[in-house]
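Student: What follows is the file my_file.tsv, containing TSV, C-alpha atoms and all ligand atoms:
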chain	number	residue	atom	x	y	z
A	1	MET	CA	-0.49	-19.42	-1.88
A	2	THR	CA	-1.81	-17.51	1.13
A	3	ALA	CA	-1.83	-13.79	0.48
A	4	LEU	CA	-2.95	-10.90	2.64
A	5	ILE	CA	-3.10	-7.16	1.97
A	6	VAL	CA	-2.90	-4.91	5.02
A	7	CYS	CA	-4.29	-1.55	3.99
A	8	THR	CA	-5.33	1.83	5.35
A	9	SER	CA	-7.27	4.13	3.04
A	10	LYS	CA	-8.29	7.14	5.09
A	11	SER	CA	-9.11	9.78	2.53
A	12	ASN	CA	-11.20	8.66	-0.44
A	13	GLY	CA	-10.79	4.91	-0.59
A	14	SER	CA	-8.35	5.08	-3.50
A	15	THR	CA	-5.77	2.76	-1.97
A	16	ARG	CA	-8.49	0.37	-0.88
A	17	ALA	CA	-9.84	0.26	-4.45
A	18	VAL	CA	-6.36	-0.72	-5.68
A	19	ALA	CA	-5.92	-3.27	-2.88
A	20	ASP	CA	-9.35	-4.80	-3.58
A	21	GLU	CA	-8.50	-5.19	-7.26
A	22	MET	CA	-5.21	-6.89	-6.40
A	23	ALA	CA	-6.94	-9.09	-3.83
A	24	LYS	CA	-9.49	-10.29	-6.39
A	25	ALA	CA	-6.72	-11.19	-8.80
A	26	ILE	CA	-4.70	-13.27	-6.34
A	27	ASP	CA	-7.47	-14.42	-3.99
A	28	ALA	CA	-6.13	-12.43	-1.04
A	29	ARG	CA	-7.93	-10.92	1.93
A	30	VAL	CA	-7.73	-7.16	2.56
A	31	VAL	CA	-7.47	-6.28	6.25
A	32	SER	CA	-6.87	-3.14	8.27
A	33	PRO	CA	-3.70	-2.81	10.38
A	34	ASP	CA	-5.68	-2.84	13.62
A	35	GLU	CA	-7.63	-6.02	12.86
A	36	VAL	CA	-4.84	-8.20	11.47
A	37	THR	CA	-3.10	-10.46	13.98
A	38	ASP	CA	0.58	-11.36	14.12
A	39	ALA	CA	-0.43	-14.99	13.52
A	40	GLU	CA	-2.23	-14.07	10.28
A	41	ILE	CA	0.79	-12.10	9.08
A	42	ASP	CA	3.10	-14.97	9.99
A	43	ALA	CA	0.90	-17.49	8.17
A	44	ALA	CA	0.72	-15.53	4.90
A	45	GLU	CA	3.27	-16.37	2.22
A	46	LEU	CA	2.83	-12.93	0.62
A	47	VAL	CA	1.80	-9.75	2.47
A	48	GLY	CA	0.92	-6.50	0.73
A	49	TRP	CA	1.19	-3.29	2.75
A	50	GLY	CA	-0.70	-0.27	1.48
A	51	SER	CA	-1.86	3.22	2.28
A	52	GLY	CA	-2.39	6.65	0.84
A	53	ILE	CA	0.44	9.12	1.25
A	54	TYR	CA	-0.36	11.67	3.94
A	55	TRP	CA	2.11	14.50	4.60
A	56	MET	CA	4.74	12.71	2.52
A	57	SER	CA	4.49	9.45	4.47
A	58	PHE	CA	2.57	6.23	4.67
A	59	ALA	CA	-0.18	6.20	7.31
A	60	SER	CA	1.31	5.66	10.76
A	61	GLU	CA	-1.30	2.93	11.35
A	62	VAL	CA	0.51	0.83	8.75
A	63	THR	CA	4.09	1.70	9.64
A	64	ASP	CA	3.41	1.26	13.38
A	65	ARG	CA	1.90	-2.17	12.68
A	66	ILE	CA	5.04	-3.21	10.83
A	67	LYS	CA	7.30	-1.81	13.56
A	68	ALA	CA	5.37	-3.84	16.14
A	69	LEU	CA	6.28	-7.12	14.44
A	70	ALA	CA	9.06	-9.24	15.83
A	71	ASP	CA	12.39	-9.02	13.98
A	72	ARG	CA	12.96	-12.31	12.20
A	73	PRO	CA	13.25	-13.71	8.69
A	74	ARG	CA	9.86	-13.47	6.99
A	75	GLY	CA	8.15	-14.22	3.71
A	76	ARG	CA	7.60	-12.02	0.70
A	77	ALA	CA	5.96	-8.61	0.80
A	78	PHE	CA	4.92	-5.86	-1.57
A	79	VAL	CA	4.05	-2.19	-1.19
A	80	VAL	CA	0.96	-0.37	-2.47
A	81	ALA	CA	0.53	3.41	-2.41
A	82	THR	CA	-1.67	6.09	-3.93
A	83	SER	CA	-0.85	9.77	-3.71
A	84	GLY	CA	-2.00	13.10	-5.04
A	85	LEU	CA	1.27	13.89	-6.74
A	86	PRO	CA	3.28	11.45	-8.82
A	87	GLU	CA	6.13	9.89	-6.90
A	88	THR	CA	9.47	11.35	-7.92
A	89	PRO	CA	12.15	9.12	-9.45
A	90	LEU	CA	13.81	9.07	-6.00
A	91	ARG	CA	10.80	7.03	-4.83
A	92	ARG	CA	10.99	8.51	-1.38
A	93	TYR	CA	7.69	7.14	-0.06
A	94	THR	CA	7.80	3.63	-1.38
A	95	ARG	CA	11.53	3.22	-0.84
A	96	SER	CA	11.29	4.07	2.87
A	97	MET	CA	8.44	1.59	3.21
A	98	SER	CA	10.45	-1.12	1.44
A	99	ASP	CA	13.38	-0.39	3.74
A	100	LEU	CA	11.17	-0.74	6.82
A	101	LEU	CA	9.79	-4.07	5.59
A	102	ALA	CA	13.29	-5.33	4.83
A	103	GLU	CA	14.42	-4.31	8.33
A	104	LYS	CA	11.62	-6.50	9.69
A	105	GLY	CA	12.83	-9.46	7.68
A	106	PHE	CA	10.50	-9.35	4.66
A	107	GLU	CA	11.77	-10.00	1.18
A	108	VAL	CA	10.24	-7.07	-0.71
A	109	ALA	CA	9.15	-8.23	-4.16
A	110	ASP	CA	8.11	-4.88	-5.65
A	111	THR	CA	6.10	-1.70	-5.13
A	112	PHE	CA	2.98	-0.40	-6.86
A	113	HIS	CA	2.10	3.25	-6.97
A	114	CYS	CA	-0.58	5.25	-8.74
A	115	ARG	CA	-2.34	8.54	-8.25
A	116	GLY	CA	-5.53	8.79	-6.21
A	117	LEU	CA	-8.25	11.40	-5.87
A	118	ASP	CA	-6.77	14.19	-3.75
A	119	THR	CA	-9.20	16.26	-1.69
A	120	MET	CA	-6.68	17.53	0.84
A	121	GLY	CA	-7.62	20.89	2.37
A	122	PRO	CA	-8.75	23.49	-0.15
A	123	LEU	CA	-8.53	20.96	-2.99
A	124	GLY	CA	-11.70	19.42	-1.58
A	125	LEU	CA	-13.58	22.68	-2.08
A	126	VAL	CA	-13.16	22.37	-5.83
A	127	GLY	CA	-13.94	18.66	-5.95
A	128	GLY	CA	-10.33	17.57	-5.64
A	129	VAL	CA	-7.66	16.83	-8.20
A	130	ASN	CA	-7.05	13.54	-9.99
A	131	ARG	CA	-10.78	12.99	-10.29
A	132	GLY	CA	-11.47	9.53	-11.66
A	133	HIS	CA	-8.25	8.16	-10.15
A	134	PRO	CA	-7.38	5.39	-9.73
A	135	THR	CA	-8.48	4.89	-13.32
A	136	GLN	CA	-9.55	1.63	-14.93
A	137	ALA	CA	-6.08	1.54	-16.48
A	138	ASP	CA	-4.51	1.89	-13.00
A	139	LEU	CA	-6.67	-0.96	-11.73
A	140	ALA	CA	-5.69	-3.14	-14.68
A	141	LEU	CA	-2.02	-2.43	-13.91
A	142	ALA	CA	-2.70	-3.29	-10.25
A	143	ARG	CA	-4.13	-6.67	-11.26
A	144	THR	CA	-1.18	-7.42	-13.50
A	145	PHE	CA	1.22	-6.35	-10.76
A	146	ALA	CA	-0.42	-8.60	-8.18
A	147	LEU	CA	-0.44	-11.62	-10.48
A	148	ARG	CA	3.26	-11.10	-11.27
A	149	VAL	CA	4.27	-10.64	-7.64
A	150	ALA	CA	2.24	-13.66	-6.57
A	151	GLY	CA	4.16	-15.61	-9.19
B	201	LIG	C1	-4.09	14.93	5.07
B	201	LIG	C2	-3.60	14.59	3.67
B	201	LIG	C3	-2.26	14.73	3.37
B	201	LIG	C4	-1.78	14.39	2.08
B	201	LIG	N1	-0.44	14.53	1.80
B	201	LIG	C5	0.00	14.21	0.55
B	201	LIG	C6	1.40	14.32	0.23
B	201	LIG	O1	2.23	14.68	1.06
B	201	LIG	N2	1.80	14.01	-1.04
B	201	LIG	C7	0.91	13.60	-2.00
B	201	LIG	O2	1.31	13.34	-3.14
B	201	LIG	N3	-0.42	13.45	-1.71
B	201	LIG	C8	-0.89	13.74	-0.47
B	201	LIG	N4	-2.22	13.60	-0.16
B	201	LIG	C9	-3.13	13.01	-1.18
B	201	LIG	C10	-3.32	11.53	-0.93
B	201	LIG	O3	-2.08	10.86	-0.94
B	201	LIG	C11	-4.22	10.91	-2.01
B	201	LIG	O4	-5.46	11.54	-2.00
B	201	LIG	C12	-4.35	9.40	-1.78
B	201	LIG	O5	-4.88	8.82	-2.95
B	201	LIG	C13	-5.21	9.10	-0.59
B	201	LIG	O6	-5.43	7.72	-0.50
B	201	LIG	P1	-6.75	7.13	0.19
B	201	LIG	O7	-7.96	7.64	-0.56
B	201	LIG	O8	-6.57	5.66	0.08
B	201	LIG	O9	-6.73	7.61	1.60
B	201	LIG	C14	-2.70	13.91	1.10
B	201	LIG	C15	-4.07	13.78	1.43
B	201	LIG	C16	-4.51	14.10	2.70
B	201	LIG	C17	-5.98	13.93	3.02
Take the structure in this file and express it as structure tokens.
Tutor:
Amino acid sequence: MTALIVCTSKSNGSTRAVADEMAKAIDARVVSPDEVTDAEIDAAELVGWGSGIYWMSFASEVTDRIKALADRPRGRAFVVATSGLPETPLRRYTRSMSDLLAEKGFEVADTFHCRGLDTMGPLGLVGGVNRGHPTQADLALARTFALRVAG
């Protein structure tokens, strides 16, 4: 199975650490939204889309890349996010991302979310919150998630 994870990790590399762990488990390549080509996305049977949550949204680099794809039936996809605060049960961030992927024709298999080191603004002055996140336990869950989604 050809798998690809398109990921932006602008703050502390937390989302990238999760994506790398998933990629190792399922033998996928991790690429940034600006380097991945439409042909590579089209050729992948499974595409993960990930970023940190910035101002309550996924990075525009990732969402803009998805919006730039042609509308047509596509393969399977999954969502990866890290954020400073836990996602609420309404799953606002990951649900909107799943909706966008579905609009573009992807079949969204599942979403993975965990907390990442948060050094936004004044939090950085005190070393940030969620230090040590993603934890080894988060990374183990990420591996299990990827293996399950990859089937
Ligand atoms: C500019 C900025 C805005 C952020 N906004 C939010 C937010 O709205 N909600 C939240 O839970 N975390 C927020 N965070 C924390 C990040 O989501 C968290 O640190 C995440 O793990 C960053 O992922 P990264 O290291 O892969 O970039 C923000 C961080 C930054 C730097």
Student: Residues of chain A within 12 Å of ligand LIG 201 (chain B): nearest atom pair and distance (Å, one decimal) for each, counting only C-alpha atoms and all ligand atoms, sorted by chain and number, as a tab-separated table?
Tutor:
residue	atom	partner	partner_atom	distance
A:Cys7	CA	B:LIG201	O8	8.5
A:Thr8	CA	B:LIG201	O8	6.6
A:Ser9	CA	B:LIG201	O8	3.4
A:Lys10	CA	B:LIG201	O9	3.9
A:Ser11	CA	B:LIG201	O9	3.4
A:Asn12	CA	B:LIG201	O7	3.4
A:Gly13	CA	B:LIG201	O7	3.9
A:Ser14	CA	B:LIG201	O7	3.9
A:Thr15	CA	B:LIG201	O8	3.6
A:Arg16	CA	B:LIG201	O8	5.7
A:Ala17	CA	B:LIG201	O8	7.8
A:Val18	CA	B:LIG201	O8	8.6
A:Ala19	CA	B:LIG201	O8	9.4
A:Asp20	CA	B:LIG201	O8	11.4
A:Gly50	CA	B:LIG201	O8	8.5
A:Ser51	CA	B:LIG201	O8	5.7
A:Gly52	CA	B:LIG201	O6	3.5
A:Ile53	CA	B:LIG201	O3	3.8
A:Tyr54	CA	B:LIG201	N1	3.6
A:Trp55	CA	B:LIG201	O1	3.5
A:Met56	CA	B:LIG201	O1	3.5
A:Ser57	CA	B:LIG201	O1	6.6
A:Phe58	CA	B:LIG201	O3	8.6
A:Ala59	CA	B:LIG201	O9	8.8
A:Val80	CA	B:LIG201	O8	10.0
A:Ala81	CA	B:LIG201	O6	7.6
A:Thr82	CA	B:LIG201	O5	4.3
A:Ser83	CA	B:LIG201	O3	3.2
A:Gly84	CA	B:LIG201	N3	3.7
A:Leu85	CA	B:LIG201	O2	3.6
A:Pro86	CA	B:LIG201	O2	6.3
A:Glu87	CA	B:LIG201	O2	7.0
A:Thr88	CA	B:LIG201	O2	9.7
A:Arg91	CA	B:LIG201	O2	11.5
A:Arg92	CA	B:LIG201	N2	10.7
A:Tyr93	CA	B:LIG201	N2	9.1
A:Thr94	CA	B:LIG201	O2	11.8
A:His113	CA	B:LIG201	O5	9.8
A:Cys114	CA	B:LIG201	O5	8.0
A:Arg115	CA	B:LIG201	O5	5.9
A:Gly116	CA	B:LIG201	O5	3.3
A:Leu117	CA	B:LIG201	O4	4.8
A:Asp118	CA	B:LIG201	O4	3.4
A:Thr119	CA	B:LIG201	O4	6.0
A:Met120	CA	B:LIG201	C17	4.3
A:Gly121	CA	B:LIG201	C17	7.2
A:Pro122	CA	B:LIG201	C17	10.4
A:Leu123	CA	B:LIG201	C15	9.5
A:Gly124	CA	B:LIG201	C17	9.2
A:Gly127	CA	B:LIG201	O4	11.8
A:Gly128	CA	B:LIG201	O4	8.6
A:Val129	CA	B:LIG201	O4	8.4
A:Asn130	CA	B:LIG201	O4	8.4
A:Arg131	CA	B:LIG201	O4	10.0
A:Gly132	CA	B:LIG201	O5	10.9
A:His133	CA	B:LIG201	O5	8.0
A:Pro134	CA	B:LIG201	O5	8.0
A:Thr135	CA	B:LIG201	O5	11.7
Student: With a distance cut-off of 10 Å and all atoms listed in the file, select the neighbouring residues of A:Thr2, excluding the residue or stretch itself and same-chain residues fewer than 5 positions from it, and output the selection as a ChimeraX atom specification.
Tutor: /A:26-29,40-41,43-47,150
Student: Rounded to one decimal in Å, what is the spacing between atom CA of A:Ala140 and atom CA of A:Asp64?
Tutor: 29.8 Å
Student: Please determine, counting only C-alpha atoms, which residue among A:Gly105, A:Gly48, A:Gly151, A:Pro33 has the shortest atom-to-atom distance to A:Val79.
Tutor: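 Checking each candidate against A:Val79, we get A:Gly48 as the closest.
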Student: When you count all atoms listed in the file, which of these residues is closest to A:Phe112: A:Ala142, A:Leu100, A:Ala25, A:Leu125?
Tutor: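 Result for the nearest residue to A:Phe112: A:Ala142.
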Student: Enter the distance from atom CA of A:Leu139 to atom CA of A:Asp110, in Å, rounded to one decimal.
Tutor: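 Value for the atom CA of A:Leu139-atom CA of A:Asp110 distance: 16.5 Å.
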Student: Considering all atoms listed in the file, state which residue in the set A:Arg72, A:Arg148, A:Lys24, A:Lys67 is at the smallest distance from A:Phe106.
Tutor: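 Residue with the minimum atom-to-atom distance to A:Phe106: A:Arg72.
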Student: Identify the residues around (5.0, -1.6, 8.7) within a radius of 8 Å, measuring from only C-alpha atoms in the coordinates stated by the file, and give them as a PyMOL selection string.
Tutor: chain A and resi 49+62-68+97+100-101
Student: Mind writing the picked residues with C-alpha atoms as a CSV table (one decimal), in the frame of the given file?
Tutor:
chain,number,residue,atom,x,y,z
A,49,TRP,CA,1.2,-3.3,2.8
A,62,VAL,CA,0.5,0.8,8.8
A,63,THR,CA,4.1,1.7,9.6
A,64,ASP,CA,3.4,1.3,13.4
A,65,ARG,CA,1.9,-2.2,12.7
A,66,ILE,CA,5.0,-3.2,10.8
A,67,LYS,CA,7.3,-1.8,13.6
A,68,ALA,CA,5.4,-3.8,16.1
A,97,MET,CA,8.4,1.6,3.2
A,100,LEU,CA,11.2,-0.7,6.8
A,101,LEU,CA,9.8,-4.1,5.6
Student: Extending 5 Å beyond the listed atoms of stretch 65-81 of chain A on each side, what axis-aligned box results? I want centre and edge lengths in Å to one decimal, as JSON.
Tutor:
{"center_x": 6.9, "center_y": -5.4, "center_z": 6.8, "size_x": 22.7, "size_y": 27.6, "size_z": 28.6}
